[in-house]
Amino acid sequence: MPQHIAIVEDEANLAANYRDALQRQGFSVALYDNRVSAAEAFAQRLPDLAIIDVGLGDEFEGGFELCRDLRSRAPELPIVFLTARDSELDIICGLRLGADDYLTKNISQPHMLARITALLRRVKALRTPEVREHRVERGALLLNLERMTASWRQQAVDLTVTEFWMVHALARHPGHVRNRQQLMEAANVVLDDNSITSHIKRIRRKFQVADGEFNAIETAYGMGYRWVERE
């Protein structure tokens, strides 16, 4: 069965172009031109990946609201913003809401397809039976690489795929600084420095829900971040 991608885009011609490009790659594609119809469809069936515009019809930030709702339904679902809005504030807002990638509409189709394929490849483990356990354990942290799940002090921490691979990159080598470029390469995304910072802040907040004293991700000012094992 082909993987199912939902496109939420209010420009009909543009949405059709995206659909045709994805269908040529073998994906099943559904189009929605507003937040309400997309939310109703997602309540019935979740896609394997969602591509969302920020502005939807009369709703200037309808895509942000939809992302928030979709992320609450499915913490591991890949969500990509594809929009003409390229301000730093919009990008940071989209990533803070839990999007895995934020692309602007001037991106080429081959580049867009490559990013989407990479995201789907990284979550494939969640949809296949577990054959054996692959674990990274660092004190109270447990990462299951087969299922791409994380826990802290035996409490589940709901990370997006991008966040998961950033934590993995840091926790694999405690004490070693990972710069922003290395974190992008680990997560297979292209982001600016402020976006990386937003991801790290969001990761910290998620772990702090499980443990208010969480402080294992340390900032190495001017260099990057490191995972610190503490008693």
# chains A, B, ... in the order shown; residues from 1 in each chain; ligands from 1
$ residues_around --residues "A:Glu9" --least-positions-apart "3" --cutoff "8 Å" --atoms "only C-alpha atoms" --output "VMD selection string"
chain A and resid 12 14 to 15 31 to 34 52 to 53 56
$ write_last_selection --atoms "N, CA, C and O atoms" --output "mmCIF file, in the first residue's frame"
data_model
loop_
_atom_site.group_PDB
_atom_site.id
_atom_site.type_symbol
_atom_site.label_atom_id
_atom_site.label_comp_id
_atom_site.auth_asym_id
_atom_site.auth_seq_id
_atom_site.Cartn_x
_atom_site.Cartn_y
_atom_site.Cartn_z
ATOM 1 N N ALA A 12 -5.094 26.230 -5.468
ATOM 2 C CA ALA A 12 -5.447 24.981 -6.142
ATOM 3 C C ALA A 12 -4.386 24.523 -7.133
ATOM 4 O O ALA A 12 -4.039 23.338 -7.184
ATOM 5 N N LEU A 14 -1.194 25.231 -7.276
ATOM 6 C CA LEU A 14 0.028 24.833 -6.578
ATOM 7 C C LEU A 14 -0.156 23.473 -5.916
ATOM 8 O O LEU A 14 0.719 22.595 -6.002
ATOM 9 N N ALA A 15 -1.296 23.287 -5.272
ATOM 10 C CA ALA A 15 -1.576 22.000 -4.625
ATOM 11 C C ALA A 15 -1.576 20.862 -5.644
ATOM 12 O O ALA A 15 -1.048 19.774 -5.379
ATOM 13 N N LEU A 31 -5.787 16.167 -1.039
ATOM 14 C CA LEU A 31 -5.687 17.622 -1.007
ATOM 15 C C LEU A 31 -6.804 18.209 -0.150
ATOM 16 O O LEU A 31 -7.959 17.773 -0.221
ATOM 17 N N TYR A 32 -6.449 19.223 0.626
ATOM 18 C CA TYR A 32 -7.416 19.977 1.415
ATOM 19 C C TYR A 32 -7.083 21.459 1.261
ATOM 20 O O TYR A 32 -5.913 21.843 1.310
ATOM 21 N N ASP A 33 -8.125 22.283 1.079
ATOM 22 C CA ASP A 33 -7.857 23.702 0.848
ATOM 23 C C ASP A 33 -8.184 24.582 2.039
ATOM 24 O O ASP A 33 -8.121 25.805 1.950
ATOM 25 N N ASN A 34 -8.520 23.975 3.181
ATOM 26 C CA ASN A 34 -8.784 24.773 4.373
ATOM 27 C C ASN A 34 -8.538 23.926 5.621
ATOM 28 O O ASN A 34 -8.485 22.692 5.566
ATOM 29 N N ILE A 52 1.750 21.307 5.083
ATOM 30 C CA ILE A 52 0.779 22.325 5.470
ATOM 31 C C ILE A 52 1.286 23.721 5.121
ATOM 32 O O ILE A 52 2.440 24.064 5.409
ATOM 33 N N ASP A 53 0.415 24.527 4.519
ATOM 34 C CA ASP A 53 0.698 25.945 4.332
ATOM 35 C C ASP A 53 0.332 26.677 5.614
ATOM 36 O O ASP A 53 -0.549 26.234 6.358
ATOM 37 N N LEU A 56 -4.159 29.841 5.428
ATOM 38 C CA LEU A 56 -5.163 29.019 4.753
ATOM 39 C C LEU A 56 -6.451 29.828 4.610
ATOM 40 O O LEU A 56 -7.172 30.035 5.594
#
$ select_by_dssp --residues "stretch 6-205 of chain A" --states "alpha helix (DSSP H)" --output "PyMOL selection string"
chain A and resi 12-24+35-44+62-73+88-96+109-123+161-171+180-187+193-205
$ residues_around --residues "stretch 201-203 of chain A" --least-positions-apart "6" --cutoff "10 Å" --atoms "only C-alpha atoms" --output "VMD selection string"
chain A and resid 95 to 98 157 to 160 163 to 164 166 to 167 195 217
$ closest_residue --among "A:His4, A:Asp10, A:Thr149, A:Leu191" --to "A:Asp58" --atoms "only C-alpha atoms"
A:Asp10
$ closest_residue --among "A:Arg138, A:Arg178, A:Arg147, A:Arg153" --to "A:Asp211" --atoms "only C-alpha atoms"
A:Arg153
$ atom_distance --atom1 "atom CA of A:Gly94" --atom2 "atom CA of A:Gly63"
8.9 Å
$ select_by_dssp --residues "stretch 7-230 of chain A" --states "strand (DSSP E or B)" --output "count of residues only"
46
$ residues_around --residues "A:Ala39" --least-positions-apart "4" --cutoff "7 Å" --atoms "only C-alpha atoms" --output "VMD selection string"
chain A and resid 35 43 66
$ closest_residue --among "A:Val136, A:Ile91, A:Val189, A:Ala50" --to "A:Glu76" --atoms "only C-alpha atoms"
A:Ala50
$ atom_distance --atom1 "atom CA of A:Glu88" --atom2 "atom CA of A:Pro75"
24.1 Å
$ atom_distance --atom1 "atom CA of A:Asp101" --atom2 "atom CA of A:Phe81"
6.3 Å
$ residues_around --residues "A:Ala74" --least-positions-apart "2" --cutoff "12 Å" --atoms "only C-alpha atoms" --output "PyMOL selection string"
chain A and resi 42-43+45-50+67-72+76-79+98-99+126+158-161
$ residues_around --residues "A:His176" --least-positions-apart "4" --cutoff "8 Å" --atoms "only C-alpha atoms" --output "VMD selection string"
chain A and resid 170 226 to 227
